[in-house]
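Structure below is start18.pdb: PDB, C-alpha atoms.
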ATOM      1  CA  MET A   1       0.000   0.000   0.000
ATOM      2  CA  LYS A   2       1.263   3.474  -0.905
ATOM      3  CA  ARG A   3       1.896   5.896   1.950
ATOM      4  CA  PHE A   4      -0.418   8.633   0.629
ATOM      5  CA  LYS A   5      -3.943   8.345  -0.722
ATOM      6  CA  LYS A   6      -3.624  11.295  -3.119
ATOM      7  CA  ALA A   7      -1.476  14.203  -4.221
ATOM      8  CA  TYR A   8      -2.337  17.556  -5.728
ATOM      9  CA  ILE A   9      -0.013  18.429  -8.604
ATOM     10  CA  GLU A  10      -0.536  22.021  -9.699
ATOM     11  CA  ILE A  11       0.171  21.868 -13.435
ATOM     12  CA  THR A  12      -0.638  25.577 -13.604
ATOM     13  CA  ASN A  13      -1.628  28.290 -11.145
ATOM     14  CA  SER A  14      -3.280  30.348 -13.907
ATOM     15  CA  CYS A  15      -7.044  30.487 -14.347
ATOM     16  CA  ASN A  16      -9.408  31.829 -17.005
ATOM     17  CA  LEU A  17     -12.078  32.921 -14.498
ATOM     18  CA  ASN A  18     -12.252  35.368 -11.617
ATOM     19  CA  CYS A  19     -14.442  33.598  -9.060
ATOM     20  CA  SER A  20     -15.583  35.713  -6.128
ATOM     21  CA  PHE A  21     -14.954  32.879  -3.645
ATOM     22  CA  CYS A  22     -11.368  32.237  -4.811
ATOM     23  CA  PRO A  23      -8.507  33.947  -2.926
ATOM     24  CA  LYS A  24      -6.262  33.853  -6.046
ATOM     25  CA  THR A  25      -2.505  33.613  -5.523
ATOM     26  CA  THR A  26       0.312  36.098  -5.248
ATOM     27  CA  ARG A  27       2.749  33.591  -6.769
ATOM     28  CA  GLU A  28       4.201  34.114 -10.231
ATOM     29  CA  LYS A  29       2.019  32.559 -12.922
ATOM     30  CA  LYS A  30       3.516  29.346 -14.256
ATOM     31  CA  PHE A  31       2.709  26.263 -16.334
ATOM     32  CA  LEU A  32       4.629  23.085 -15.555
ATOM     33  CA  GLU A  33       6.864  21.944 -18.371
ATOM     34  CA  VAL A  34       6.312  18.315 -19.373
ATOM     35  CA  ASP A  35       9.857  17.441 -18.257
ATOM     36  CA  GLU A  36       9.146  19.045 -14.890
ATOM     37  CA  TYR A  37       6.009  16.954 -14.576
ATOM     38  CA  LYS A  38       8.043  13.835 -15.381
ATOM     39  CA  LYS A  39      10.511  14.779 -12.649
ATOM     40  CA  ILE A  40       7.679  15.160 -10.120
ATOM     41  CA  ILE A  41       6.139  11.823 -11.097
ATOM     42  CA  ASN A  42       9.478  10.040 -10.790
ATOM     43  CA  GLU A  43       9.906  11.430  -7.279
ATOM     44  CA  ILE A  44       6.418  10.732  -5.911
ATOM     45  CA  GLN A  45       5.542   7.487  -7.713
ATOM     46  CA  PRO A  46       6.694   5.236  -4.842
ATOM     47  CA  TYR A  47       4.364   7.095  -2.460
ATOM     48  CA  VAL A  48       1.063   7.701  -4.258
ATOM     49  CA  ASN A  49      -1.128   6.532  -7.171
ATOM     50  CA  PHE A  50      -3.988   9.025  -7.285
ATOM     51  CA  LEU A  51      -3.316  12.557  -8.529
ATOM     52  CA  TYR A  52      -5.388  15.713  -8.780
ATOM     53  CA  LEU A  53      -4.020  18.091 -11.419
ATOM     54  CA  HIS A  54      -4.689  21.284  -9.512
ATOM     55  CA  LEU A  55      -4.136  23.141  -6.321
ATOM     56  CA  MET A  56      -4.756  26.606  -7.626
ATOM     57  CA  GLY A  57      -5.406  27.223 -11.330
ATOM     58  CA  GLU A  58      -7.512  25.692 -14.105
ATOM     59  CA  PRO A  59      -5.843  22.486 -15.356
ATOM     60  CA  LEU A  60      -7.606  22.503 -18.735
ATOM     61  CA  LEU A  61      -5.741  25.720 -19.574
ATOM     62  CA  HIS A  62      -2.535  23.721 -19.935
ATOM     63  CA  GLN A  63      -1.628  23.500 -23.633
ATOM     64  CA  ASN A  64       0.269  20.238 -23.066
ATOM     65  CA  LEU A  65      -2.453  18.465 -21.091
ATOM     66  CA  ASP A  66      -2.410  15.575 -23.539
ATOM     67  CA  GLU A  67       1.313  14.950 -22.950
ATOM     68  CA  ILE A  68       0.887  15.264 -19.186
ATOM     69  CA  LEU A  69      -1.852  12.648 -19.250
ATOM     70  CA  LYS A  70       0.322  10.362 -21.393
ATOM     71  CA  VAL A  71       3.131  10.618 -18.838
ATOM     72  CA  SER A  72       0.601   9.792 -16.119
ATOM     73  CA  TYR A  73      -0.645   6.745 -17.997
ATOM     74  CA  ASP A  74       2.878   5.498 -18.711
ATOM     75  CA  ASN A  75       3.595   5.671 -14.973
ATOM     76  CA  SER A  76       0.334   3.979 -13.883
ATOM     77  CA  MET A  77      -0.984   7.141 -12.251
ATOM     78  CA  LYS A  78      -4.746   7.485 -11.810
ATOM     79  CA  ILE A  79      -5.872  11.038 -12.545
ATOM     80  CA  ASN A  80      -8.719  13.107 -11.130
ATOM     81  CA  ILE A  81      -9.441  16.432 -12.800
ATOM     82  CA  THR A  82     -11.288  19.282 -11.103
ATOM     83  CA  THR A  83     -12.299  22.032 -13.519
ATOM     84  CA  ASN A  84     -14.639  24.995 -13.844
ATOM     85  CA  GLY A  85     -15.772  23.350 -17.085
ATOM     86  CA  THR A  86     -15.539  26.327 -19.424
ATOM     87  CA  LEU A  87     -12.852  24.674 -21.579
ATOM     88  CA  ILE A  88     -14.108  21.102 -21.511
ATOM     89  CA  LYS A  89     -15.305  21.098 -25.128
ATOM     90  CA  ASN A  90     -11.729  21.627 -26.339
ATOM     91  CA  LYS A  91     -10.128  19.078 -23.993
ATOM     92  CA  LEU A  92     -12.552  16.144 -24.160
ATOM     93  CA  ASP A  93     -10.469  14.146 -26.643
ATOM     94  CA  ASP A  94      -7.323  14.548 -24.522
ATOM     95  CA  ILE A  95      -9.169  13.223 -21.472
ATOM     96  CA  ILE A  96     -10.898  10.322 -23.196
ATOM     97  CA  ASN A  97      -7.939   9.178 -25.263
ATOM     98  CA  ASN A  98      -5.703   8.881 -22.216
ATOM     99  CA  LYS A  99      -7.023   6.028 -20.128
ATOM    100  CA  CYS A 100      -5.516   7.275 -16.876
ATOM    101  CA  VAL A 101      -8.385   9.687 -16.087
ATOM    102  CA  ARG A 102     -10.817   8.118 -13.615
ATOM    103  CA  LYS A 103     -12.875  11.138 -12.534
ATOM    104  CA  VAL A 104     -13.753  14.630 -13.759
ATOM    105  CA  SER A 105     -15.350  17.031 -11.276
ATOM    106  CA  PHE A 106     -17.089  20.159 -12.553
ATOM    107  CA  SER A 107     -17.196  23.084 -10.109
ATOM    108  CA  LEU A 108     -20.563  24.427 -11.227
ATOM    109  CA  HIS A 109     -20.560  26.984  -8.408
ATOM    110  CA  SER A 110     -17.952  28.876 -10.437
ATOM    111  CA  PHE A 111     -20.678  29.997 -12.875
ATOM    112  CA  GLU A 112     -22.603  32.193 -10.457
ATOM    113  CA  ALA A 113     -19.330  33.501  -9.008
ATOM    114  CA  ASN A 114     -18.601  35.129 -12.400
ATOM    115  CA  ASP A 115     -20.613  37.462 -14.590
ATOM    116  CA  ASN A 116     -19.089  36.826 -18.005
ATOM    117  CA  THR A 117     -20.368  33.332 -18.869
ATOM    118  CA  ASN A 118     -23.512  32.466 -20.853
ATOM    119  CA  PHE A 119     -25.613  30.149 -18.702
ATOM    120  CA  ASP A 120     -27.194  28.016 -21.423
ATOM    121  CA  ASN A 121     -23.959  27.527 -23.357
ATOM    122  CA  TYR A 122     -22.065  26.705 -20.189
ATOM    123  CA  ILE A 123     -24.543  24.130 -18.886
ATOM    124  CA  ASP A 124     -25.048  22.589 -22.332
ATOM    125  CA  ASP A 125     -21.289  22.024 -22.657
ATOM    126  CA  ILE A 126     -21.189  20.404 -19.196
ATOM    127  CA  ILE A 127     -24.149  18.158 -20.014
ATOM    128  CA  ASN A 128     -22.664  17.043 -23.326
ATOM    129  CA  ALA A 129     -19.280  16.370 -21.734
ATOM    130  CA  SER A 130     -20.903  14.439 -18.881
ATOM    131  CA  LYS A 131     -22.630  12.126 -21.340
ATOM    132  CA  ILE A 132     -19.424  11.453 -23.273
ATOM    133  CA  LEU A 133     -17.215  11.016 -20.207
ATOM    134  CA  SER A 134     -19.630   8.690 -18.410
ATOM    135  CA  SER A 135     -20.065   6.585 -21.550
ATOM    136  CA  ASN A 136     -16.303   6.067 -21.422
ATOM    137  CA  ASP A 137     -16.526   4.830 -17.805
ATOM    138  CA  ILE A 138     -15.159   8.064 -16.367
ATOM    139  CA  THR A 139     -16.893   9.194 -13.193
ATOM    140  CA  VAL A 140     -18.465  12.652 -13.417
ATOM    141  CA  VAL A 141     -19.134  14.759 -10.321
ATOM    142  CA  LEU A 142     -21.269  17.880 -10.761
ATOM    143  CA  LYS A 143     -20.422  20.060  -7.775
ATOM    144  CA  LEU A 144     -22.435  22.892  -6.242
ATOM    145  CA  TRP A 145     -20.314  23.837  -3.260
ATOM    146  CA  ASN A 146     -22.102  27.101  -2.598
ATOM    147  CA  LEU A 147     -24.705  26.395   0.083
ATOM    148  CA  ASP A 148     -25.132  28.770   3.017
ATOM    149  CA  SER A 149     -23.099  27.790   6.064
ATOM    150  CA  THR A 150     -25.164  27.151   9.204
ATOM    151  CA  ASN A 151     -22.399  26.052  11.537
ATOM    152  CA  ASN A 152     -22.084  28.823  14.118
ATOM    153  CA  ASP A 153     -19.064  27.106  15.643
ATOM    154  CA  VAL A 154     -17.067  27.908  12.535
ATOM    155  CA  LEU A 155     -18.075  30.663  10.110
ATOM    156  CA  ASP A 156     -21.501  31.690   8.816
ATOM    157  CA  LYS A 157     -21.173  32.365   5.102
ATOM    158  CA  GLU A 158     -23.779  32.950   2.428
ATOM    159  CA  GLY A 159     -23.079  31.228  -0.873
ATOM    160  CA  LEU A 160     -23.877  32.502  -4.346
ATOM    161  CA  ASN A 161     -26.562  29.929  -5.081
ATOM    162  CA  ASN A 162     -29.604  31.638  -6.590
ATOM    163  CA  LEU A 163     -29.295  29.547  -9.752
ATOM    164  CA  ASN A 164     -28.921  26.176  -8.038
ATOM    165  CA  ASP A 165     -32.540  25.119  -8.627
ATOM    166  CA  ASN A 166     -32.287  26.004 -12.319
ATOM    167  CA  ILE A 167     -28.987  24.162 -12.664
ATOM    168  CA  ILE A 168     -30.244  21.046 -10.880
ATOM    169  CA  SER A 169     -33.471  21.006 -12.887
ATOM    170  CA  LYS A 170     -31.601  21.207 -16.188
ATOM    171  CA  LEU A 171     -29.097  18.546 -15.167
ATOM    172  CA  ILE A 172     -31.858  16.162 -14.107
ATOM    173  CA  SER A 173     -33.938  16.660 -17.236
ATOM    174  CA  SER A 174     -30.906  16.172 -19.502
ATOM    175  CA  LEU A 175     -28.853  13.517 -17.738
ATOM    176  CA  SER A 176     -30.999  11.423 -15.437
ATOM    177  CA  LYS A 177     -32.994   8.292 -16.216
ATOM    178  CA  LYS A 178     -33.903   7.665 -12.580
ATOM    179  CA  TYR A 179     -35.224  11.137 -11.785
ATOM    180  CA  ASN A 180     -37.410  13.675 -13.595
ATOM    181  CA  GLU A 181     -39.362  16.860 -12.895
ATOM    182  CA  GLU A 182     -42.102  14.854 -11.168
ATOM    183  CA  ASN A 183     -39.867  13.199  -8.597
ATOM    184  CA  ILE A 184     -37.068  15.775  -8.441
ATOM    185  CA  LEU A 185     -37.775  16.289  -4.736
ATOM    186  CA  LYS A 186     -36.196  12.863  -4.175
ATOM    187  CA  VAL A 187     -32.947  14.327  -5.491
ATOM    188  CA  TYR A 188     -33.095  17.066  -2.864
ATOM    189  CA  ASP A 189     -33.840  14.461  -0.191
ATOM    190  CA  GLU A 190     -30.715  12.528  -1.181
ATOM    191  CA  LEU A 191     -28.627  15.694  -1.172
ATOM    192  CA  LEU A 192     -29.909  16.625   2.287
ATOM    193  CA  LYS A 193     -29.031  13.177   3.635
ATOM    194  CA  ARG A 194     -25.553  12.697   2.200
ATOM    195  CA  ASN A 195     -24.733  15.688  -0.072
ATOM    196  CA  THR A 196     -24.442  13.320  -3.052
ATOM    197  CA  CYS A 197     -26.995  11.828  -5.447
ATOM    198  CA  GLU A 198     -26.283   9.422  -8.295
ATOM    199  CA  ILE A 199     -28.442  10.709 -11.153
ATOM    200  CA  ASN A 200     -27.186   8.273 -13.786
ATOM    201  CA  LYS A 201     -24.500   5.635 -14.196
ATOM    202  CA  HIS A 202     -21.126   7.262 -13.398
ATOM    203  CA  ILE A 203     -22.775  10.702 -12.918
ATOM    204  CA  TYR A 204     -23.167  12.241  -9.467
ATOM    205  CA  LEU A 205     -24.635  15.534  -8.258
ATOM    206  CA  GLN A 206     -22.894  16.866  -5.163
ATOM    207  CA  THR A 207     -23.614  19.811  -2.867
ATOM    208  CA  GLY A 208     -21.613  21.381  -0.068
ATOM    209  CA  GLU A 209     -21.361  24.480   2.072
ATOM    210  CA  LYS A 210     -19.309  27.404   0.931
ATOM    211  CA  PHE A 211     -16.137  27.391   2.983
ATOM    212  CA  GLU A 212     -13.712  30.177   3.701
ATOM    213  CA  TRP A 213     -10.145  29.778   2.451
ATOM    214  CA  PRO A 214      -7.807  30.036   5.442
ATOM    215  CA  VAL A 215      -5.944  32.975   3.894
ATOM    216  CA  ASN A 216      -9.240  34.937   4.047
ATOM    217  CA  THR A 217     -10.117  33.990   7.629
ATOM    218  CA  LYS A 218      -8.765  36.988   9.486
ATOM    219  CA  ASP A 219     -10.917  37.396  12.593
ATOM    220  CA  LYS A 220     -11.154  33.847  13.884
ATOM    221  CA  THR A 221      -8.558  31.245  14.807
ATOM    222  CA  PHE A 222      -8.825  27.710  16.118
ATOM    223  CA  ASP A 223      -6.787  25.901  18.756
ATOM    224  CA  LYS A 224      -7.961  22.428  17.781
ATOM    225  CA  ILE A 225      -8.173  21.117  14.201
ATOM    226  CA  PHE A 226      -7.847  18.020  12.083
ATOM    227  CA  CYS A 227      -6.805  17.672   8.458
ATOM    228  CA  TYR A 228      -5.337  14.978   6.222
ATOM    229  CA  GLY A 229      -2.453  17.207   5.163
ATOM    230  CA  LEU A 230       0.711  15.023   5.141
ATOM    231  CA  LEU A 231      -1.279  12.154   6.673
ATOM    232  CA  ASP A 232      -2.770  10.918   3.430
ATOM    233  CA  GLN A 233      -2.254  13.816   1.002
ATOM    234  CA  PHE A 234       0.198  16.503  -0.068
ATOM    235  CA  GLY A 235       0.620  19.057  -2.835
ATOM    236  CA  VAL A 236       3.299  20.117  -5.300
ATOM    237  CA  LEU A 237       3.012  23.681  -6.590
ATOM    238  CA  SER A 238       3.856  24.665 -10.148
ATOM    239  CA  ASN A 239       7.264  25.982  -9.024
ATOM    240  CA  GLY A 240       8.103  22.636  -7.374
ATOM    241  CA  ASP A 241       7.430  23.628  -3.775
ATOM    242  CA  VAL A 242       6.007  20.771  -1.703
ATOM    243  CA  VAL A 243       3.169  21.730   0.653
ATOM    244  CA  PRO A 244       0.962  19.623   2.947
ATOM    245  CA  CYS A 245      -2.230  21.481   2.148
ATOM    246  CA  CYS A 246      -4.566  21.680  -0.853
ATOM    247  CA  LEU A 247      -5.732  25.108   0.412
ATOM    248  CA  ASP A 248      -2.276  26.704   0.591
ATOM    249  CA  ASN A 249      -2.862  29.160  -2.255
ATOM    250  CA  ASN A 250       0.329  31.147  -1.705
ATOM    251  CA  GLY A 251       2.666  28.316  -0.734
ATOM    252  CA  GLU A 252       3.068  29.494   2.856
ATOM    253  CA  ILE A 253       3.823  26.012   4.238
ATOM    254  CA  LYS A 254       6.779  25.173   2.034
ATOM    255  CA  LEU A 255       8.491  21.959   3.147
ATOM    256  CA  GLY A 256      11.043  21.877   0.343
ATOM    257  CA  ASN A 257      11.341  22.023  -3.439
ATOM    258  CA  ILE A 258      11.059  18.814  -5.427
ATOM    259  CA  PHE A 259      13.216  20.206  -8.244
ATOM    260  CA  ASN A 260      16.115  20.802  -5.854
ATOM    261  CA  GLU A 261      15.846  17.896  -3.398
ATOM    262  CA  SER A 262      14.324  14.452  -3.330
ATOM    263  CA  PHE A 263      10.798  13.893  -2.075
ATOM    264  CA  LYS A 264      12.202  11.258   0.267
ATOM    265  CA  ASP A 265      14.513  13.825   1.864
ATOM    266  CA  ILE A 266      11.651  16.327   2.214
ATOM    267  CA  LEU A 267       9.574  13.746   4.090
ATOM    268  CA  GLU A 268      12.481  12.972   6.414
ATOM    269  CA  LYS A 269      13.042  16.590   7.477
ATOM    270  CA  GLU A 270      12.490  17.335  11.144
ATOM    271  CA  GLU A 271       9.949  20.087  10.417
ATOM    272  CA  THR A 272       7.939  17.640   8.305
ATOM    273  CA  LYS A 273       7.874  15.109  11.141
ATOM    274  CA  ILE A 274       6.820  17.792  13.637
ATOM    275  CA  PHE A 275       4.022  18.914  11.296
ATOM    276  CA  ILE A 276       2.702  15.344  11.083
ATOM    277  CA  LYS A 277       2.874  14.803  14.855
ATOM    278  CA  ASN A 278       0.989  18.029  15.598
ATOM    279  CA  MET A 279      -1.696  17.197  13.060
ATOM    280  CA  LYS A 280      -2.221  13.770  14.622
ATOM    281  CA  ASP A 281      -2.562  15.495  18.005
ATOM    282  CA  ASN A 282      -5.142  17.986  16.636
ATOM    283  CA  ILE A 283      -2.711  20.859  17.193
ATOM    284  CA  PRO A 284      -2.505  23.429  14.348
ATOM    285  CA  PRO A 285       0.997  22.877  12.917
ATOM    286  CA  CYS A 286       1.254  26.370  11.430
ATOM    287  CA  ALA A 287      -0.406  29.794  11.273
ATOM    288  CA  LEU A 288      -2.379  28.915   8.136
ATOM    289  CA  CYS A 289      -3.802  25.775   9.752
ATOM    290  CA  LYS A 290      -4.818  27.805  12.792
ATOM    291  CA  LYS A 291      -7.113  29.895  10.556
ATOM    292  CA  CYS A 292      -8.620  27.001   8.600
ATOM    293  CA  SER A 293     -12.359  26.621   9.206
ATOM    294  CA  TYR A 294     -12.389  23.505   6.996
ATOM    295  CA  ALA A 295      -9.913  21.762   9.298
ATOM    296  CA  ARG A 296     -11.910  22.936  12.326
ATOM    297  CA  LYS A 297     -15.013  21.164  11.013
ATOM    298  CA  LYS A 298     -13.127  17.855  10.948
ATOM    299  CA  VAL A 299     -12.483  17.778  14.699
TER     300      VAL A 299
END
Rewritten as structure tokens:
Amino acid sequence: MKRFKKAYIEITNSCNLNCSFCPKTTREKKFLEVDEYKKIINEIQPYVNFLYLHLMGEPLLHQNLDEILKVSYDNSMKINITTNGTLIKNKLDDIINNKCVRKVSFSLHSFEANDNTNFDNYIDDIINASKILSSNDITVVLKLWNLDSTNNDVLDKEGLNNLNDNIISKLISSLSKKYNEENILKVYDELLKRNTCEINKHIYLQTGEKFEWPVNTKDKTFDKIFCYGLLDQFGVLSNGDVVPCCLDNNGEIKLGNIFNESFKDILEKEETKIFIKNMKDNIPPCALCKKCSYARKKV
């Protein structure tokens, strides 16, 4: 068994949208070169099989996505792609033709967080892509992570979700065989119970509360948290910096750089071991963790 369940490899920190919920990044914009991606894969392959091709950024922006997926396939890596979906029409062939992709998640909440996207065109492209991907045995997750937060112990936040009913209705009418307009309330019942509803084979609708990125949480800190950072996941930023957290938008928790030192050596550093121990003990290992409402919810 590999040590880590998954890794986030940021193939680019650039994005084609300007979502209101996203904290952006102050780091220099960069796209991983294919040779750099190969270097990362060679270093982490003994430790992990499942990769997400983002941390910040929109992975479908990468002009060499096809080559990156080929490298992944050649190294038996299983790929999950999370995307805002605006570029999916142009990248479908790359995804389907490379058999390493197991799941594509569409962040549909990105639509309402922008004002420059045509609703019908956007949803139609997502629906068409979902049909093609699922027919190729690729799992599709249609995410609406924009519900209002009701947890007073953490942070009350209102999500941009006025279009959720319209989006869900269109997805059900176009993609589902099990549900329709007459029994659509059963979909909402499923979402209330477990936040996920299978609407067709390989196609899932998923909801979640809007959460605050730790970099934006300025007025509240937490003394007790839990997160899987460095316990079963880690991230590699587009400049090669290794971080424990998939929410570290600015690379504040840099453990080392995979282009300058081995991943094995990074894991054996004393500061890495201390980080892991503190996380296991529910103690925030760093200032960013101390502000993370997502990690607070896990306690």
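Matched in the shown structure by the PyMOL selection byres ((chain A and resi 68-84) around 6): A:Asn49, A:Phe50, A:Leu51, A:Tyr52, A:Leu53, A:Leu65, A:Asp66, A:Glu67, A:Gly85, A:Thr86, A:Cys100, A:Val101, A:Arg102, A:Lys103, A:Val104, A:Ser105, A:Phe106, A:Ser107.
Near Tyr47 in chain A, within a cut-off of 9 Å and counting all atoms listed in the file, sit the residues Met1, Lys2, Arg3, Phe4 and Lys5 of chain A, with same-chain residues fewer than 5 positions away left out.
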Looking at A:Leu133, A:Leu142, A:Ala113, A:Cys227, which one is nearest to Leu163 in chain A, with distances taken over only C-alpha atoms? A:Ala113
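Here CA of Ile40 in chain A is placed at a distance of 26.8 Å from CA of Val141 in chain A.
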Would you mind listing what lies within 8 Å of Arg296 in chain A as a VMD selection string, with all atoms listed in the file counted and same-chain residues fewer than 6 positions away left out? chain A and resid 154 222 224 to 226
As an exercise, work out the distance from CA of Ile123 in chain A to CA of Phe111 in chain A in Å and give it to one decimal place. 9.2 Å
List the spatial neighbours of His109 in chain A as a PDB file with C-alpha atoms, in the frame of the given file - criterion: any atom at most 10 Å away, all atoms listed in the file, same-chain residues fewer than 6 positions off excluded.
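Writing done, so here's part-v6.pdb:
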ATOM      1  CA  CYS A  19     -14.442  33.598  -9.060  1.00  0.00           C
ATOM      2  CA  PHE A  21     -14.954  32.879  -3.645  1.00  0.00           C
ATOM      3  CA  ASN A  84     -14.639  24.995 -13.844  1.00  0.00           C
ATOM      4  CA  LEU A 142     -21.269  17.880 -10.761  1.00  0.00           C
ATOM      5  CA  LYS A 143     -20.422  20.060  -7.775  1.00  0.00           C
ATOM      6  CA  LEU A 144     -22.435  22.892  -6.242  1.00  0.00           C
ATOM      7  CA  TRP A 145     -20.314  23.837  -3.260  1.00  0.00           C
ATOM      8  CA  ASN A 146     -22.102  27.101  -2.598  1.00  0.00           C
ATOM      9  CA  LEU A 147     -24.705  26.395   0.083  1.00  0.00           C
ATOM     10  CA  GLY A 159     -23.079  31.228  -0.873  1.00  0.00           C
ATOM     11  CA  LEU A 160     -23.877  32.502  -4.346  1.00  0.00           C
ATOM     12  CA  ASN A 161     -26.562  29.929  -5.081  1.00  0.00           C
ATOM     13  CA  LEU A 163     -29.295  29.547  -9.752  1.00  0.00           C
ATOM     14  CA  ASN A 164     -28.921  26.176  -8.038  1.00  0.00           C
ATOM     15  CA  ILE A 167     -28.987  24.162 -12.664  1.00  0.00           C
ATOM     16  CA  THR A 207     -23.614  19.811  -2.867  1.00  0.00           C
ATOM     17  CA  LYS A 210     -19.309  27.404   0.931  1.00  0.00           C
TER      18      LYS A 210
END
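When only C-alpha atoms are used to measure the gap to Asn200 in chain A, the shortest distance among A:Lys273, A:Lys298, A:Lys178, A:Lys291 belongs to A:Lys178.
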